[in-house]
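Asks: Dropping in coords-v2.txt, which is compact mmCIF, C-alpha atoms:
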# COMPACT_ATOMS: atom_id res chain seq x y z
CA MET A 1 43.63 -56.78 -56.39
CA SER A 2 44.85 -55.49 -53.02
CA LEU A 3 45.05 -51.70 -52.75
CA PRO A 4 46.89 -49.65 -50.15
CA ALA A 5 44.73 -48.32 -47.34
CA HIS A 6 44.87 -44.71 -48.59
CA ILE A 7 43.45 -45.64 -52.01
CA PRO A 8 39.64 -45.76 -52.40
CA ALA A 9 38.34 -49.32 -52.47
CA ARG A 10 35.24 -48.42 -54.50
CA GLU A 11 34.84 -46.78 -57.89
CA SER A 12 32.19 -44.49 -56.36
CA ASP A 13 34.91 -43.07 -54.08
CA LEU A 14 37.13 -42.60 -57.09
CA ALA A 15 34.31 -40.76 -58.90
CA GLU A 16 33.96 -38.39 -55.93
CA ARG A 17 37.68 -37.64 -56.12
CA TRP A 18 37.53 -36.99 -59.86
CA ALA A 19 34.50 -34.68 -59.50
CA ALA A 20 36.17 -32.74 -56.70
CA GLY A 21 39.29 -32.12 -58.77
CA ILE A 22 42.56 -34.05 -58.99
CA PRO A 23 45.54 -31.85 -58.05
CA GLY A 24 48.31 -31.71 -60.61
CA PRO A 25 50.71 -31.97 -62.18
CA LEU A 26 49.26 -34.93 -64.08
CA ARG A 27 50.98 -37.01 -66.73
CA LEU A 28 49.44 -39.60 -69.04
CA GLU A 29 50.98 -43.01 -69.43
CA ASP A 30 52.06 -42.01 -72.97
CA GLY A 31 54.17 -39.20 -71.46
CA ARG A 32 51.99 -36.19 -72.25
CA ALA A 33 51.17 -33.65 -69.55
CA LEU A 34 47.44 -33.52 -68.80
CA ARG A 35 45.42 -30.54 -67.63
CA VAL A 36 41.79 -30.97 -66.54
CA ILE A 37 39.85 -27.93 -67.73
CA PHE A 38 36.48 -29.41 -66.80
CA PRO A 39 36.10 -32.90 -65.28
CA GLY A 40 32.70 -33.53 -66.90
CA THR A 41 29.44 -34.29 -65.20
CA PRO A 42 28.44 -37.57 -63.53
CA ALA A 43 26.45 -39.67 -65.98
CA GLY A 44 24.21 -41.07 -63.27
CA GLY A 45 23.43 -44.29 -65.14
CA SER A 46 24.79 -46.78 -67.63
CA GLY A 47 27.69 -45.70 -69.80
CA PRO A 48 30.84 -43.73 -68.98
CA ASP A 49 31.23 -42.31 -65.49
CA PHE A 50 31.54 -38.67 -66.62
CA THR A 51 30.35 -36.96 -69.79
CA GLY A 52 31.30 -33.69 -71.44
CA ALA A 53 34.80 -33.46 -70.00
CA ILE A 54 37.27 -30.90 -71.39
CA LEU A 55 40.94 -31.87 -71.12
CA GLU A 56 44.25 -30.70 -72.57
CA ALA A 57 47.08 -33.12 -73.36
CA ASP A 58 50.23 -31.24 -74.38
CA GLY A 59 48.21 -28.70 -76.35
CA ASP A 60 45.68 -31.18 -77.77
CA LEU A 61 42.14 -30.38 -76.66
CA LEU A 62 40.15 -33.48 -75.71
CA ARG A 63 36.37 -33.26 -75.40
CA GLY A 64 34.33 -36.31 -74.46
CA ASP A 65 33.70 -38.84 -71.73
CA VAL A 66 35.84 -40.14 -68.88
CA GLU A 67 35.76 -43.70 -67.57
CA LEU A 68 37.16 -44.57 -64.13
CA HIS A 69 38.42 -47.94 -62.88
CA LEU A 70 40.36 -49.11 -59.88
CA ALA A 71 42.48 -51.16 -62.29
CA ALA A 72 42.94 -50.68 -66.05
CA SER A 73 41.86 -54.28 -66.69
CA GLY A 74 38.36 -53.27 -65.58
CA TRP A 75 37.83 -51.87 -69.09
CA ARG A 76 37.90 -55.36 -70.59
CA ALA A 77 36.34 -57.08 -67.60
CA HIS A 78 33.28 -54.83 -67.79
CA GLY A 79 32.87 -55.28 -71.55
CA HIS A 80 33.51 -51.66 -72.46
CA ALA A 81 35.85 -52.43 -75.36
CA ARG A 82 32.99 -53.36 -77.69
CA ASP A 83 30.22 -51.29 -76.16
CA PRO A 84 29.29 -48.36 -78.48
CA ALA A 85 28.24 -46.34 -75.43
CA TYR A 86 31.97 -45.98 -74.65
CA ALA A 87 33.05 -44.86 -78.12
CA ALA A 88 33.30 -41.21 -77.00
CA VAL A 89 35.61 -41.86 -74.03
CA VAL A 90 38.70 -39.63 -74.24
CA LEU A 91 40.35 -40.57 -70.94
CA HIS A 92 40.64 -43.83 -69.01
CA ALA A 93 41.56 -42.85 -65.43
CA VAL A 94 42.73 -45.67 -63.14
CA LEU A 95 44.43 -46.22 -59.81
CA GLU A 96 46.56 -49.07 -61.08
CA ASN A 97 47.64 -49.73 -64.66
CA ASP A 98 47.77 -53.51 -64.37
CA ASP A 99 47.64 -53.79 -68.19
CA ALA A 100 50.90 -51.85 -68.45
CA ALA A 101 49.57 -50.18 -71.62
CA ALA A 102 49.77 -46.47 -72.42
CA LEU A 103 46.51 -46.56 -74.38
CA THR A 104 43.17 -48.33 -73.98
CA ALA A 105 41.60 -49.64 -77.18
CA HIS A 106 37.95 -49.45 -78.23
CA ALA A 107 36.41 -51.48 -81.03
CA SER A 108 35.63 -48.24 -82.89
CA GLY A 109 39.36 -47.82 -83.44
CA ARG A 110 39.78 -45.12 -80.81
CA LEU A 111 42.93 -45.37 -78.70
CA ILE A 112 42.19 -43.80 -75.34
CA PRO A 113 44.97 -42.32 -73.20
CA VAL A 114 45.41 -43.78 -69.74
CA LEU A 115 45.95 -41.69 -66.62
CA VAL A 116 47.14 -43.28 -63.39
CA LEU A 117 45.70 -41.08 -60.66
CA PRO A 118 48.00 -40.00 -57.86
CA PRO A 119 47.15 -40.93 -54.28
CA PRO A 120 44.81 -38.46 -52.55
CA VAL A 121 46.42 -35.70 -50.54
CA SER A 122 44.95 -33.32 -47.99
CA PHE A 123 46.31 -30.20 -49.69
CA PRO A 124 45.35 -28.37 -51.80
CA PRO A 125 41.71 -28.74 -50.72
CA PRO A 126 39.05 -29.98 -53.16
CA PHE A 127 37.84 -27.56 -55.81
CA THR A 128 35.17 -25.19 -54.51
CA PRO A 129 33.45 -23.20 -57.28
CA PRO A 130 32.67 -19.53 -56.70
CA CYS A 131 28.92 -20.21 -56.78
CA THR A 132 29.30 -22.33 -53.63
CA ILE A 133 31.01 -19.46 -51.82
CA ALA A 134 28.36 -17.02 -53.02
CA ALA A 135 25.57 -19.33 -51.79
CA ALA A 136 27.30 -19.78 -48.43
CA ASN A 137 27.46 -15.98 -48.12
CA GLY A 138 23.69 -15.71 -48.57
CA ARG A 139 23.34 -15.23 -52.33
CA GLU A 140 20.01 -16.88 -53.25
CA PRO A 141 20.39 -18.85 -56.52
CA GLY A 142 16.64 -19.23 -57.10
CA PRO A 143 15.84 -15.96 -58.94
CA ALA A 144 18.78 -16.36 -61.33
CA LEU A 145 17.82 -19.98 -62.02
CA ASP A 146 14.22 -18.91 -62.72
CA ARG A 147 15.44 -16.31 -65.23
CA LEU A 148 17.70 -18.85 -66.91
CA GLY A 149 14.83 -21.35 -66.96
CA LEU A 150 12.54 -18.87 -68.71
CA ARG A 151 15.29 -18.17 -71.22
CA ARG A 152 15.61 -21.89 -71.93
CA LEU A 153 11.85 -22.12 -72.40
CA ARG A 154 12.05 -19.37 -75.02
CA ILE A 155 14.84 -21.28 -76.76
CA LYS A 156 12.60 -24.33 -76.87
CA ALA A 157 9.75 -22.18 -78.20
CA GLY A 158 12.04 -20.92 -80.94
CA ARG A 159 12.65 -24.49 -82.06
CA ALA A 160 8.94 -25.27 -81.86
CA ASP A 161 8.13 -22.26 -84.02
CA HIS A 162 9.25 -23.89 -87.28
CA LEU A 163 7.15 -26.96 -86.47
CA VAL A 164 4.13 -24.73 -85.84
CA ARG A 165 4.69 -22.87 -89.10
CA ALA A 166 5.07 -26.11 -91.03
CA GLY A 167 2.11 -28.06 -89.66
CA GLY A 168 0.16 -26.07 -87.10
CA SER A 169 0.14 -26.23 -83.31
CA GLY A 170 -1.45 -29.69 -83.12
CA GLN A 171 1.18 -31.33 -85.33
CA ALA A 172 3.96 -29.48 -83.51
CA LEU A 173 2.68 -30.67 -80.13
CA TYR A 174 2.34 -34.23 -81.41
CA ALA A 175 5.89 -34.21 -82.81
CA LEU A 176 7.48 -32.85 -79.63
CA LEU A 177 5.49 -35.21 -77.43
CA LEU A 178 6.84 -38.15 -79.42
CA GLU A 179 10.40 -36.80 -79.27
CA THR A 180 10.14 -36.40 -75.50
CA LEU A 181 8.75 -39.90 -75.09
CA GLY A 182 11.56 -41.25 -77.26
CA GLY A 183 14.07 -39.89 -74.76
CA PRO A 184 17.80 -39.56 -75.46
CA ALA A 185 17.96 -43.13 -76.78
CA ASN A 186 15.20 -42.90 -79.42
CA ARG A 187 14.45 -39.22 -79.91
CA GLU A 188 15.33 -39.16 -83.62
CA PRO A 189 13.45 -42.35 -84.60
CA PHE A 190 10.35 -41.07 -82.78
CA ALA A 191 10.72 -37.75 -84.61
CA VAL A 192 10.74 -39.73 -87.88
CA ILE A 193 7.44 -41.34 -86.87
CA ALA A 194 5.89 -37.91 -86.36
CA ARG A 195 7.12 -36.72 -89.76
CA THR A 196 6.07 -39.79 -91.73
CA LEU A 197 2.78 -40.37 -89.90
CA PRO A 198 1.39 -36.88 -89.20
CA LEU A 199 -1.27 -36.30 -86.58
CA GLY A 200 -4.19 -35.82 -89.00
CA PRO A 201 -3.74 -39.14 -90.84
CA LEU A 202 -3.02 -40.92 -87.53
CA LEU A 203 -6.33 -39.73 -86.06
CA GLU A 204 -8.17 -40.79 -89.22
CA LEU A 205 -6.63 -44.27 -89.03
CA ALA A 206 -7.60 -44.57 -85.35
CA ALA A 207 -11.17 -43.46 -86.13
CA GLY A 208 -11.54 -46.30 -88.62
CA SER A 209 -10.56 -48.98 -86.11
CA ASP A 210 -12.91 -51.01 -83.94
CA ALA A 211 -10.23 -51.30 -81.23
CA PRO A 212 -10.12 -48.95 -78.22
CA ARG A 213 -8.75 -45.60 -79.35
CA ALA A 214 -5.53 -45.67 -77.28
CA PHE A 215 -4.75 -49.18 -78.51
CA ALA A 216 -5.47 -48.23 -82.12
CA VAL A 217 -3.24 -45.14 -81.96
CA SER A 218 -0.32 -47.02 -80.40
CA ALA A 219 -0.73 -49.88 -82.90
CA HIS A 220 -0.35 -47.49 -85.83
CA LEU A 221 2.65 -45.83 -84.17
CA LYS A 222 4.27 -49.22 -83.61
CA GLY A 223 3.56 -50.18 -87.21
CA ARG A 224 5.43 -47.12 -88.43
CA ALA A 225 8.27 -47.80 -85.97
CA ALA A 226 8.70 -51.38 -87.21
CA ASN A 227 10.97 -50.25 -90.05
CA LEU A 228 13.14 -48.00 -87.89
CA VAL A 229 16.30 -48.78 -85.93
CA LEU A 230 15.42 -48.37 -82.26
CA ARG A 231 17.69 -48.67 -79.26
CA ARG A 232 16.50 -51.19 -76.70
CA ALA A 233 19.67 -52.30 -74.90
CA GLY A 234 20.35 -50.76 -71.52
CA LEU A 235 16.91 -49.17 -71.13
CA ARG A 236 14.60 -49.67 -68.18
CA PRO A 237 11.51 -51.72 -69.11
CA MET A 238 9.19 -48.71 -68.86
CA ALA A 239 11.54 -46.72 -71.13
CA SER A 240 11.60 -49.35 -73.88
CA PRO A 241 10.34 -48.17 -77.30
CA GLY A 242 7.27 -50.40 -77.13
CA ARG A 243 6.21 -49.11 -73.70
CA ARG A 244 6.82 -45.51 -74.71
CA LEU A 245 4.72 -45.91 -77.88
CA GLU A 246 1.94 -47.40 -75.76
CA ALA A 247 2.16 -44.36 -73.48
CA ALA A 248 2.04 -42.16 -76.59
CA GLY A 249 -1.12 -43.92 -77.72
CA ALA A 250 -2.78 -43.33 -74.36
CA VAL A 251 -1.92 -39.64 -74.11
CA LEU A 252 -2.72 -38.88 -77.76
CA ALA A 253 -6.10 -40.58 -77.41
CA ARG A 254 -6.83 -38.42 -74.38
CA LEU A 255 -5.69 -35.17 -75.97
CA TRP A 256 -7.47 -35.87 -79.27
CA PRO A 257 -10.57 -37.97 -78.50
CA ALA A 258 -12.84 -39.31 -81.23
CA GLY A 259 -14.09 -36.52 -83.46
CA ALA A 260 -11.54 -33.95 -82.28
CA PRO A 261 -9.73 -31.97 -85.03
CA PRO A 262 -5.92 -32.27 -85.21
CA GLY A 263 -5.39 -28.80 -83.76
CA TRP A 264 -4.53 -27.58 -80.28
CA PRO A 265 -6.28 -29.89 -77.75
CA ALA A 266 -9.28 -28.43 -75.92
CA SER A 267 -8.15 -30.34 -72.82
CA LEU A 268 -5.09 -28.07 -72.47
CA PRO A 269 -6.52 -24.74 -71.23
CA PRO A 270 -4.20 -21.78 -70.52
CA GLY A 271 -2.09 -22.04 -67.41
CA GLY A 272 -2.71 -25.73 -66.79
CA ASP A 273 -0.42 -28.30 -65.23
CA GLU A 274 0.63 -31.82 -66.22
CA ALA A 275 -2.59 -33.51 -65.05
CA PRO A 276 -4.10 -33.98 -68.57
CA LEU A 277 -0.97 -35.89 -69.59
CA ARG A 278 -1.10 -38.40 -66.72
CA THR A 279 -2.21 -41.56 -68.50
CA ALA A 280 -1.22 -45.22 -68.58
CA GLY A 281 2.54 -45.43 -68.87
CA MET A 282 2.93 -41.69 -68.26
CA GLY A 283 4.00 -41.07 -64.68
CA ARG A 284 4.42 -37.69 -63.02
CA ALA A 285 8.06 -37.20 -64.00
CA LEU A 286 7.48 -38.09 -67.65
CA ALA A 287 4.34 -35.92 -67.80
CA LEU A 288 6.36 -32.99 -66.44
CA GLU A 289 9.04 -33.62 -69.08
CA CYS A 290 6.32 -33.46 -71.75
CA MET A 291 4.99 -30.19 -70.34
CA VAL A 292 8.44 -28.60 -70.37
CA ASN A 293 9.59 -29.93 -73.74
CA ALA A 294 6.36 -30.00 -75.73
CA VAL A 295 3.23 -28.36 -74.31
CA LEU A 296 4.66 -25.08 -73.03
CA PRO A 297 7.07 -24.42 -75.95
CA VAL A 298 4.29 -24.98 -78.52
CA ALA A 299 1.75 -22.97 -76.48
CA LEU A 300 4.25 -20.10 -76.45
CA ALA A 301 5.34 -20.38 -80.10
CA ALA A 302 1.80 -20.75 -81.45
CA GLU A 303 0.32 -18.18 -79.06
CA GLU A 304 -2.22 -20.75 -77.88
CA TRP A 305 -1.79 -19.35 -74.35
CA PRO A 306 -0.99 -15.76 -73.37
CA VAL A 307 2.69 -15.33 -72.53
CA PRO A 308 2.02 -14.57 -68.81
CA GLU A 309 -0.02 -17.78 -68.55
CA VAL A 310 2.78 -19.83 -70.11
CA GLU A 311 5.35 -18.35 -67.74
CA ARG A 312 3.10 -18.75 -64.73
CA ALA A 313 2.46 -22.41 -65.55
CA PHE A 314 6.18 -23.01 -66.13
CA LEU A 315 7.23 -21.45 -62.83
CA ALA A 316 4.56 -23.45 -60.98
CA LEU A 317 5.57 -26.87 -62.35
CA ARG A 318 7.23 -29.27 -59.94
CA SER A 319 10.62 -30.76 -60.71
CA PRO A 320 10.68 -34.19 -62.35
CA GLY A 321 13.90 -34.94 -60.44
CA THR A 322 17.47 -33.70 -60.71
CA TYR A 323 19.38 -34.86 -63.78
CA GLY A 324 22.71 -36.61 -63.36
CA ARG A 325 24.67 -33.79 -64.95
CA LEU A 326 23.35 -31.36 -62.33
CA LYS A 327 24.12 -33.47 -59.25
CA ALA A 328 27.42 -31.69 -58.67
CA LEU A 329 25.79 -28.26 -59.01
CA GLU A 330 23.03 -29.34 -56.63
CA ARG A 331 25.66 -30.43 -54.11
CA TRP A 332 27.62 -27.19 -54.45
CA LEU A 333 24.59 -24.94 -54.01
CA GLY A 334 22.63 -27.04 -51.54
CA ALA A 335 24.66 -26.52 -48.40
CA GLY A 336 22.57 -27.14 -45.34
CA GLY A 337 20.09 -29.30 -47.22
CA ALA A 338 18.50 -26.46 -49.22
CA ARG A 339 16.49 -27.58 -52.26
CA VAL A 340 18.23 -26.11 -55.28
CA PHE A 341 15.84 -27.37 -57.97
CA PRO A 342 12.39 -27.61 -56.37
CA GLY A 343 10.62 -26.78 -59.65
CA ALA A 344 10.95 -27.49 -63.34
CA ALA A 345 11.88 -23.90 -64.16
CA ARG A 346 14.91 -23.89 -61.87
CA LEU A 347 15.92 -27.30 -63.13
CA GLN A 348 15.81 -26.00 -66.71
CA GLY A 349 17.78 -22.98 -65.57
CA GLY A 350 20.40 -25.30 -64.15
CA LEU A 351 20.66 -27.10 -67.48
CA LEU A 352 21.22 -23.82 -69.32
CA LEU A 353 23.76 -22.75 -66.70
CA HIS A 354 25.60 -26.02 -67.14
CA ALA A 355 25.57 -25.75 -70.94
CA ASP A 356 26.59 -22.08 -71.17
CA TYR A 357 29.01 -21.81 -68.27
CA CYS A 358 29.98 -24.95 -66.32
CA SER A 359 30.86 -27.08 -69.36
CA ARG A 360 32.59 -24.26 -71.22
CA GLY A 361 35.32 -23.47 -68.74
CA MET A 362 33.52 -20.30 -67.57
CA CYS A 363 33.26 -21.15 -63.90
CA GLY A 364 33.11 -17.94 -61.87
CA ARG A 365 31.47 -15.90 -64.65
CA CYS A 366 27.93 -17.20 -64.29
CA PRO A 367 24.99 -15.33 -62.68
CA LEU A 368 25.23 -17.51 -59.57
CA SER A 369 28.83 -16.48 -58.96
CA GLY A 370 28.18 -12.77 -59.23
CA GLY A 371 29.83 -12.65 -62.66
Is it possible to give me this structure as structure tokens?

Replies:
Amino acid sequence: MSLPAHIPARESDLAERWAAGIPGPLRLEDGRALRVIFPGTPAGGSGPDFTGAILEADGDLLRGDVELHLAASGWRAHGHARDPAYAAVVLHAVLENDDAAALTAHASGRLIPVLVLPPPVSFPPPFTPPCTIAAANGREPGPALDRLGLRRLRIKAGRADHLVRAGGSGQALYALLLETLGGPANREPFAVIARTLPLGPLLELAAGSDAPRAFAVSAHLKGRAANLVLRRAGLRPMASPGRRLEAAGAVLARLWPAGAPPGWPASLPPGGDEAPLRTAGMGRALALECMVNAVLPVALAAEEWPVPEVERAFLALRSPGTYGRLKALERWLGAGGARVFPGAARLQGGLLLHADYCSRGMCGRCPLSGG
């Protein structure tokens, strides 16, 4: 396909245009007027290009994913039509509708409206959110992100509370560690493992094995997972269910060594960092994720650590790396190369900001915008 010189030759350029804001008026190929309320956030990996978009098509509110192609035929050429990862796409945005169809079909039965994007123009300028202007005028986003991060930690502790009440702090920690290791792809199946093979019985089974403790623990976890439906396609090798269950075996064996009761691990003293979680298969980023999503929420909910120690440890944790959905926010706030999310607390604050403001059409009302 030969494109005019003013049209981006790469889909990455097209994604930058979509993220910056496409000036209207826009009209879908089926004739409906389209208004972009929120363009979504870059997925940063396999699957649709943008997730969580909010659109309006002649009064119909569309919430879901957006897929971009230089030509509409790219949908079939890339195998998206039968890929379940694309079942939530609500807009197929293209530069050229070489299929001449008003709707793009998915095997799930969804008919996705097609938008042919207009050529780029120099005016009006790209969308600049108020938080960018506030940051450029010297408003420091860090304190607000820290406060939002602490609020998100308390939300996580609230969820952990019912696990603590049901099975104690050790079982709650075990369950949330497995969920975190399962990741977005296998969080629920790993949660099923924790429910059907509680920590106490798991430690008893491992104690009765002649194999090394980490191997024995992971073997029993894998045995319980054998009857579950686990996602394997599209995952990095180290994120595969088998590798993650091996990492779980290693970290559980370290936290609860032979003879240890299934309560709060003695190796997790108040105010600690992620070092006790760094085991085979558990790198720094994943260990930090486990601290944020499991250790600190349970320590707070079960009062295993004093509240000031939990908060101090949280604010001191390094960032595991910026998530794809926050790349745009990082770009907006990081003028001049400033690090927006240097620590886990600010990263968690960014996630709460995105969930409560950015993705709800409340741009300009958030704490970073002075609202």

Asks: I need every residue sitting at most 10 Å from the point (48.3, -28.7, -59.8) (coordinates as in the file, all atoms listed in the file considered), written as a list in words.

Replies: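 Residues found, by chain and rising number: Gly21, Ile22, Pro23, Gly24, Pro25, Leu26, Arg35, Val36 and Pro124 of chain A.
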
Asks: Taking into account all atoms listed in the file, which residue in the set A:Leu351, A:Leu235, A:Leu368, A:Ala88 is nearest to Gly149 of chain A?

Replies: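 With all atoms listed in the file as the atom set, the closest residue is A:Leu351.
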
Asks: Distance atom CA of Asp99 of chain A-atom CA of Glu29 of chain A, one decimal place?

Replies: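 Going from atom CA of Asp99 of chain A over to atom CA of Glu29 of chain A covers 11.4 Å.
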
Asks: Mind checking which residues fall within 10 Å of segment 326-337 of chain A, counting only C-alpha atoms, ignoring those fewer than 2 positions away in the same chain, and posting them as an NGL selection string?

Replies: :A and (16 or 19-20 or 40-44 or 128-136 or 139-141 or 322-324 or 339-341 or 347 or 350-351 or 353-354 or 358 or 368)

Asks: From the options A:Arg284, A:Gly208, A:Ala172, A:Leu68, which residue's atoms come nearest to Ala191 of chain A, counting all atoms listed in the file?

Replies: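 Distance minimum relative to Ala191 of chain A lands on A:Ala172.
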
Asks: Here is a test: counting all atoms listed in the file, which residue of A:Ala81, A:Met362, A:Ala239, A:Ala253 is nearest to Ala185 of chain A?

Replies: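 Closest candidate: A:Ala239.
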
Asks: Just checking: using all atoms listed in the file, which residue out of A:Trp75, A:Tyr86, A:Phe215, A:Trp18 ends up closest to Ser46 of chain A?

Replies: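 Under the stated criterion, the closest residue is A:Tyr86.
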
Asks: Given all atoms listed in the file as the basis, pick out the residue of A:Gly64, A:Pro308, A:Gly283, A:Gly59 nearest to Phe38 of chain A.

Replies: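 For Phe38 of chain A, the nearest of the given residues is A:Gly64.
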
Asks: Find the residues near Leu221 of chain A: any atom within 8 Å, counting all atoms listed in the file, skip ones fewer than 4 places away on the same chain, and give them as a list in words.

Replies: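 These residues fall inside the cut-off: Ile193, Leu197, Val217, Ala225, Leu245 and Gly249 of chain A.
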
Asks: What's around Leu177 of chain A at 10 Å? Count all atoms listed in the file, leave out sequence neighbours fewer than 6 positions away in its own chain, and write the answer as a PDB file with C-alpha atoms, keeping the file's coordinate frame.

Replies:
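Printed below is result16.pdb as written:
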ATOM      1  CA  GLN A 171       1.180 -31.330 -85.330  1.00  0.00           C
ATOM      2  CA  PHE A 190      10.350 -41.070 -82.780  1.00  0.00           C
ATOM      3  CA  ALA A 191      10.720 -37.750 -84.610  1.00  0.00           C
ATOM      4  CA  ALA A 194       5.890 -37.910 -86.360  1.00  0.00           C
ATOM      5  CA  ALA A 248       2.040 -42.160 -76.590  1.00  0.00           C
ATOM      6  CA  VAL A 251      -1.920 -39.640 -74.110  1.00  0.00           C
ATOM      7  CA  LEU A 252      -2.720 -38.880 -77.760  1.00  0.00           C
ATOM      8  CA  ALA A 287       4.340 -35.920 -67.800  1.00  0.00           C
ATOM      9  CA  GLU A 289       9.040 -33.620 -69.080  1.00  0.00           C
ATOM     10  CA  CYS A 290       6.320 -33.460 -71.750  1.00  0.00           C
ATOM     11  CA  MET A 291       4.990 -30.190 -70.340  1.00  0.00           C
ATOM     12  CA  ASN A 293       9.590 -29.930 -73.740  1.00  0.00           C
ATOM     13  CA  ALA A 294       6.360 -30.000 -75.730  1.00  0.00           C
ATOM     14  CA  VAL A 295       3.230 -28.360 -74.310  1.00  0.00           C
TER      15      VAL A 295
END

Asks: Give me the residues within 12 Å of Leu61 of chain A as a list in words, counting all atoms listed in the file and dropping any in the same chain fewer than 2 places off.

Replies: Ala33, Leu34, Arg35, Val36, Ile37, Phe38, Ala53, Ile54, Leu55, Glu56, Ala57, Asp58, Gly59, Arg63, Gly64, Val90 and Leu91 of chain A

Asks: I'd like the interatomic distance between atom CA of Asp65 of chain A and atom CA of Leu95 of chain A, to a tenth of an Å.

Replies: 17.7 Å

Asks: At a cut-off of 9 Å around the point (7.4, -26.1, -74.2) (file coordinates), what residues fall inside when counting only C-alpha atoms? I'd like the answer as a compact mmCIF listing (two decimals) with C-alpha atoms, keeping the file's coordinate frame.

Replies:
# COMPACT_ATOMS: atom_id res chain seq x y z
CA LEU A 153 11.85 -22.12 -72.40
CA ARG A 154 12.05 -19.37 -75.02
CA LYS A 156 12.60 -24.33 -76.87
CA ALA A 157 9.75 -22.18 -78.20
CA ALA A 160 8.94 -25.27 -81.86
CA LEU A 173 2.68 -30.67 -80.13
CA LEU A 176 7.48 -32.85 -79.63
CA CYS A 290 6.32 -33.46 -71.75
CA MET A 291 4.99 -30.19 -70.34
CA VAL A 292 8.44 -28.60 -70.37
CA ASN A 293 9.59 -29.93 -73.74
CA ALA A 294 6.36 -30.00 -75.73
CA VAL A 295 3.23 -28.36 -74.31
CA LEU A 296 4.66 -25.08 -73.03
CA PRO A 297 7.07 -24.42 -75.95
CA VAL A 298 4.29 -24.98 -78.52
CA ALA A 299 1.75 -22.97 -76.48
CA LEU A 300 4.25 -20.10 -76.45
CA ALA A 301 5.34 -20.38 -80.10
CA VAL A 310 2.78 -19.83 -70.11
CA PHE A 314 6.18 -23.01 -66.13

Asks: My list of candidates is A:Leu199, A:Leu288, A:Ala15, A:Ala345. Which is closest to Trp264 of chain A when distances are computed with all atoms listed in the file?

Replies: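 Between A:Leu199, A:Leu288, A:Ala15, A:Ala345, the residue approaching Trp264 of chain A most closely is A:Leu199.
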
Asks: Which residues, written as a PyMOL selection string, have at least one atom at most 12 Å from Ser240 of chain A, with all atoms listed in the file counted and residues fewer than 5 positions away on the same chain left out?

Replies: chain A and resi 181-186+230-235+245-247+281
